[in-house]
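**Q** Questions regarding the structure given below will be posed in turn.
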Amino acid sequence: MFYLTENSWPYKEAEKVLNLVQKKNKNYACFQCGFGPSGSPHIGTISEMLRTKMIIEAFRNLSNDYYVISWILFADDMDALRKVPDNVPNKEDMEKYIGVPICDIPDPWDRDDSFAAHNIRELVELLERFNLTQDDYILYTASEMYRKGTFNPMLNNFAKKAEEIKKIVTHDYGEERINTYCPFLPIIDKKTIHELYEWRVCYTPHEEEKAWMLHFYAEALEGPINESERCAEMVSLFDGNCKLQWKVDWPLRWYALNVDYEMHGKDLLGSAQVGDRIMRLINQRPPLHMMYELFLDEDGKKISKSKGDSTVLQEWLEYTTVDVLNYFLFQNPRKSRKMHFGIIPQITDQYLKERGEEACPISFSMLLNLVSITNTNDPDLLWEFVRNYVEDATAEKYPLLDILISKAINFYNKKILPHKEYRDPTHWEYITLVSLRIAINRVRKEHEAVIKSGKDLSEYGGEQKVLEEALTTTIYDVGKDMYKQRTLREFFQMIYEVLMGQKSGPRLPVFVMLYGMDNTIKLLDEIIKKNEYLFKQLEEKNKKNENIL
């Protein structure tokens, strides 16, 4: 990653981790990312993984690979289903699983062992597209950690502090919620019970240091119900019979896995602060955090996996490269950013500008306009046009450009073509197009004469530079001359609307060079011929005016 420098934020975060690990006197550093598999993976999860990868790379560089890296991807597959995502088949059939741990819900697509397993597999496959495999990270699931007893010793310690933990979590809750809140969520007949009344932790007889069972009532004492009529429940705290509430479950992972670093979104800031307080309560050092701002859709709303908005990732991978997405995620994570297909050309061009012309001599926006004007799906044909601008350009010499040509074709076909809307020129615009055609043809003839004369153009920047300057001067002169009472912006917008069927477009002189002066003249001739009736109308109007005079 060329943008990963010692002054960048990943290095600053990595330096904090290095200092922490040294204070702990550890020989390894543990990074963690979380995933809630109650829906398809979305940009929040992927951004955490990719950004954490940047920090790990910086950490390795700073520590000269001295420390072992433990990178955990933790999937909370024991979380109870609260809402059925919009993108699942047979949505109505899923309603009966509300409250059931998602690891125990059948896969509605009938591909995996459970609904959670399906979403976890999707995440793993998506990460592979970003060059992250399970060789890079360790995948843990809550169901495995709880049900195999890995968390039992830590659950026992949390049980001893249950009342104090409740006070930390509920410090800003209303009275009704405080009355029903318990850090432990019992799971009975595969249903998670969220509201408990008068609960208490029981201990092994004669051994008060070892928690045993959770005693609780699942309903309130109301009306004429007699105390003796209430049905008490007893459930073991261990081996997956109970799961901790989210704000308590998070520090449980930090404690059990000795996590040093985990970033989180702005929406989890309060949860992270509560988790840190719980860690201190049990005499543990909290991990380091970095809060990042949320990603927004084009309407400025948070991208949500429950609505199936994870398609934004597939769109980015279809229309640009993994490196461009990495570059986008690298930029100022503490600033909220819109992320939708409409900004892909802009971000891609920013990335290309950073890489320089050695990597890709043509902008992505220019490629899109080239595809638009040629209306082709043939990459070989597009390469022929590219060689008009970059002599001897090949896919071998510019592999990034080769990839982006295919991406530009995809983008054009799915995002531009359905919305193209050509319009006919007005009388005045018709005259302007004729003037432009004459001017470009004059430049073509003059340039051919210079080349034929064998004149050395190196002192002027070379043949391409001379041609670009000549076209720039000529095209701008036509605009200034024909649009005296208007603006050049209106002149260029007219060109884009009439020639390309869109509101905006490329730098016209460079585009003419890329498309070729002969092809540009041919295109103008077609439009002029198609609208020849405008010229005839002008002639008739002039004749009428002469007769009147």
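The way I read the labels, and the way they are meant: chains A, B, ... in the order of the structure tokens, residue 1 as the first residue of every chain, and ligand 1 as the first ligand shown, with later ones counted on from there.
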Could you give me the residues within segment 19-103 of chain A that DSSP places in strand (DSSP E or B), as a PyMOL selection string?
**A** chain A and resi 28-35+68-75+80+101
**Q** Need to verify the contact set: segment 71-82 of chain A, 6 Å, only C-alpha atoms, exclusion of same-chain residues closer than 5 positions in sequence. Can you return it as a list in words?
**A**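 The neighbour list is Cys30, Phe31, Gln32, Cys33, Gly34, Phe35, Gly36, Ile98, Gly99, Val100, Pro101, Ile102, Cys103, Ala116, Tyr137, Ile138, Leu139, Tyr140, Thr141, Ala142 and Ser143 of chain A.
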**Q** Rounded to one decimal, what separation in Å do you get between atom CA of Asp86 of chain A and atom CA of Ile105 of chain A?
**A**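 Between atom CA of Asp86 of chain A and atom CA of Ile105 of chain A the gap works out to 16.2 Å.
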**Q** Using only C-alpha atoms, which residue out of A:Leu436, A:Met49, A:Asp456, A:Phe158 lies closest to Thr472 of chain A?
**A**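 So, comparing all the options, the nearest one is A:Leu436.
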**Q** For Thr376 of chain A, please output as an mmCIF file with N, CA and C atoms, in the first residue's frame all residues within 12 Å (counting only C-alpha atoms; exclusion window: fewer than 3 positions along the same chain).
**A**
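selection37.cif written:
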data_model
loop_
_atom_site.group_PDB
_atom_site.id
_atom_site.type_symbol
_atom_site.label_atom_id
_atom_site.label_comp_id
_atom_site.auth_asym_id
_atom_site.auth_seq_id
_atom_site.Cartn_x
_atom_site.Cartn_y
_atom_site.Cartn_z
ATOM 1 N N LEU A 367 -12.172 6.822 -19.423
ATOM 2 C CA LEU A 367 -12.524 5.505 -19.970
ATOM 3 C C LEU A 367 -14.029 5.353 -20.082
ATOM 4 N N LEU A 368 -14.756 5.825 -19.059
ATOM 5 C CA LEU A 368 -16.211 5.740 -19.095
ATOM 6 C C LEU A 368 -16.774 6.522 -20.279
ATOM 7 N N ASN A 369 -16.213 7.691 -20.534
ATOM 8 C CA ASN A 369 -16.684 8.505 -21.657
ATOM 9 C C ASN A 369 -16.320 7.874 -22.995
ATOM 10 N N LEU A 370 -15.185 7.193 -23.020
ATOM 11 C CA LEU A 370 -14.783 6.509 -24.246
ATOM 12 C C LEU A 370 -15.734 5.353 -24.544
ATOM 13 N N VAL A 371 -16.077 4.603 -23.510
ATOM 14 C CA VAL A 371 -17.048 3.512 -23.677
ATOM 15 C C VAL A 371 -18.393 4.086 -24.100
ATOM 16 N N SER A 372 -18.756 5.213 -23.500
ATOM 17 C CA SER A 372 -20.051 5.835 -23.789
ATOM 18 C C SER A 372 -20.144 6.279 -25.244
ATOM 19 N N ILE A 373 -19.112 6.912 -25.760
ATOM 20 C CA ILE A 373 -19.162 7.458 -27.103
ATOM 21 C C ILE A 373 -19.045 6.368 -28.165
ATOM 22 N N PRO A 379 -13.056 -4.847 -25.288
ATOM 23 C CA PRO A 379 -11.853 -4.253 -24.702
ATOM 24 C C PRO A 379 -10.752 -4.007 -25.733
ATOM 25 N N ASP A 380 -10.646 -4.883 -26.730
ATOM 26 C CA ASP A 380 -9.593 -4.721 -27.750
ATOM 27 C C ASP A 380 -9.791 -3.437 -28.545
ATOM 28 N N LEU A 381 -11.053 -3.131 -28.850
ATOM 29 C CA LEU A 381 -11.338 -1.889 -29.577
ATOM 30 C C LEU A 381 -10.971 -0.680 -28.725
ATOM 31 N N LEU A 382 -11.280 -0.755 -27.437
ATOM 32 C CA LEU A 382 -10.949 0.348 -26.535
ATOM 33 C C LEU A 382 -9.443 0.536 -26.427
ATOM 34 N N TRP A 383 -8.712 -0.573 -26.445
ATOM 35 C CA TRP A 383 -7.245 -0.468 -26.424
ATOM 36 C C TRP A 383 -6.736 0.266 -27.674
ATOM 37 N N PHE A 385 -8.226 2.703 -29.211
ATOM 38 C CA PHE A 385 -8.421 4.131 -28.941
ATOM 39 C C PHE A 385 -7.388 4.639 -27.930
ATOM 40 N N ILE A 405 -10.462 -1.045 -17.843
ATOM 41 C CA ILE A 405 -11.242 -1.031 -19.087
ATOM 42 C C ILE A 405 -12.454 -1.954 -18.950
ATOM 43 N N SER A 406 -12.238 -3.140 -18.375
ATOM 44 C CA SER A 406 -13.349 -4.071 -18.152
ATOM 45 C C SER A 406 -14.333 -3.512 -17.129
ATOM 46 N N ALA A 408 -14.874 -0.365 -16.536
ATOM 47 C CA ALA A 408 -15.585 0.755 -17.166
ATOM 48 C C ALA A 408 -16.728 0.250 -18.039
ATOM 49 N N ILE A 409 -16.507 -0.863 -18.731
ATOM 50 C CA ILE A 409 -17.568 -1.457 -19.558
ATOM 51 C C ILE A 409 -18.734 -1.880 -18.669
ATOM 52 N N ASN A 410 -18.412 -2.527 -17.522
ATOM 53 C CA ASN A 410 -19.463 -2.945 -16.587
ATOM 54 C C ASN A 410 -20.250 -1.739 -16.075
ATOM 55 N N TYR A 412 -20.552 1.271 -17.323
ATOM 56 C CA TYR A 412 -21.330 1.943 -18.375
ATOM 57 C C TYR A 412 -22.628 1.185 -18.670
ATOM 58 N N ASN A 413 -22.524 -0.128 -18.851
ATOM 59 C CA ASN A 413 -23.691 -0.925 -19.230
ATOM 60 C C ASN A 413 -24.782 -0.915 -18.167
ATOM 61 N N LEU A 417 -25.684 3.599 -19.327
ATOM 62 C CA LEU A 417 -26.491 3.352 -20.527
ATOM 63 C C LEU A 417 -27.999 3.467 -20.281
#
**Q** If we count only C-alpha atoms, what is near Pro509 of chain A at a cut-off of 8 Å, once residues fewer than 3 positions away on the same chain are taken out, given as a PyMOL selection string?
**A** chain A and resi 468+471-472+475+512-513
**Q** Between atom CA of Asn131 of chain A and atom CA of Met263 of chain A, what is the distance in Å, rounded to a tenth?
**A**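 Atom CA of Asn131 of chain A sits 20.5 Å away from atom CA of Met263 of chain A.
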**Q** Report, in Å with one decimal, the straight-line distance from atom CA of Val498 of chain A to atom CA of Leu401 of chain A.
**A** 28.0 Å
**Q** Using backbone DSSP assignments, extract all helix (DSSP H, G or I) residues from segment 225-417 of chain A; output them as a PyMOL selection string.
**A** chain A and resi 227-229+246-257+266-281+305-307+311-319+322-330+341-355+364-374+379-389+399-417
**Q** Set the distance at 9 Å and use only C-alpha atoms: which residues neighbour segment 274-280 of chain A once local chain neighbours fewer than 6 positions away are removed? I'd like the list as a list of chain:residue names.
**A**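 Contacts, in chain order: A:Glu164, A:Ile165, A:Ile168, A:Val169, A:Lys247, A:Val248, A:Asp249, A:Trp250, A:Pro251, A:Leu252, A:Trp254, A:Tyr255, A:Pro286, A:Pro287.
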**Q** Write the residues of the preceding selection, restricted to N, CA and C atoms, as an mmCIF file, in the first residue's frame.
**A**
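Printed below is out.cif as written:
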data_model
loop_
_atom_site.group_PDB
_atom_site.id
_atom_site.type_symbol
_atom_site.label_atom_id
_atom_site.label_comp_id
_atom_site.auth_asym_id
_atom_site.auth_seq_id
_atom_site.Cartn_x
_atom_site.Cartn_y
_atom_site.Cartn_z
ATOM 1 N N GLU A 164 -22.737 -5.761 40.310
ATOM 2 C CA GLU A 164 -21.940 -4.569 39.985
ATOM 3 C C GLU A 164 -21.918 -4.326 38.479
ATOM 4 N N ILE A 165 -21.865 -5.415 37.713
ATOM 5 C CA ILE A 165 -21.903 -5.291 36.249
ATOM 6 C C ILE A 165 -23.241 -4.704 35.815
ATOM 7 N N ILE A 168 -23.231 -0.988 36.174
ATOM 8 C CA ILE A 168 -22.440 -0.317 35.124
ATOM 9 C C ILE A 168 -23.250 -0.209 33.834
ATOM 10 N N VAL A 169 -23.891 -1.312 33.456
ATOM 11 C CA VAL A 169 -24.609 -1.354 32.181
ATOM 12 C C VAL A 169 -25.853 -0.477 32.208
ATOM 13 N N LYS A 247 -23.444 -5.938 25.821
ATOM 14 C CA LYS A 247 -22.480 -5.019 26.428
ATOM 15 C C LYS A 247 -21.573 -5.710 27.441
ATOM 16 N N VAL A 248 -21.961 -6.898 27.891
ATOM 17 C CA VAL A 248 -21.133 -7.677 28.818
ATOM 18 C C VAL A 248 -20.366 -8.752 28.054
ATOM 19 N N ASP A 249 -20.988 -9.240 26.989
ATOM 20 C CA ASP A 249 -20.359 -10.271 26.161
ATOM 21 C C ASP A 249 -19.078 -9.762 25.501
ATOM 22 N N TRP A 250 -19.091 -8.507 25.094
ATOM 23 C CA TRP A 250 -17.925 -7.932 24.406
ATOM 24 C C TRP A 250 -16.685 -7.942 25.313
ATOM 25 N N PRO A 251 -16.763 -7.407 26.538
ATOM 26 C CA PRO A 251 -15.571 -7.492 27.397
ATOM 27 C C PRO A 251 -15.216 -8.933 27.798
ATOM 28 N N LEU A 252 -16.213 -9.833 27.792
ATOM 29 C CA LEU A 252 -15.893 -11.244 28.054
ATOM 30 C C LEU A 252 -14.883 -11.751 27.024
ATOM 31 N N TRP A 254 -12.760 -9.926 25.231
ATOM 32 C CA TRP A 254 -11.465 -9.269 25.453
ATOM 33 C C TRP A 254 -10.691 -9.982 26.572
ATOM 34 N N TYR A 255 -11.421 -10.311 27.633
ATOM 35 C CA TYR A 255 -10.832 -10.954 28.805
ATOM 36 C C TYR A 255 -10.342 -12.366 28.464
ATOM 37 N N PRO A 286 -8.334 -2.846 29.678
ATOM 38 C CA PRO A 286 -9.140 -2.856 28.445
ATOM 39 C C PRO A 286 -8.231 -2.782 27.216
ATOM 40 N N PRO A 287 -8.696 -3.289 26.092
ATOM 41 C CA PRO A 287 -7.914 -3.153 24.860
ATOM 42 C C PRO A 287 -7.954 -1.719 24.355
#
**Q** Compile the contact shell of Phe2 of chain A as a list in words: residues with an atom at most 12 Å away, counting only C-alpha atoms, same-chain residues fewer than 6 positions apart removed.
**A** Ser8, Met54, Asp323, Val324, Asn326, Tyr327, Phe330, Tyr351, Leu352, Glu354, Arg355 and Gly356 of chain A
**Q** May I have the residues within 9 Å of Leu404 of chain A as a PyMOL selection string, using only C-alpha atoms and disregarding those fewer than 5 positions away in the same chain?
**A** chain A and resi 319-321+364+367+399+409
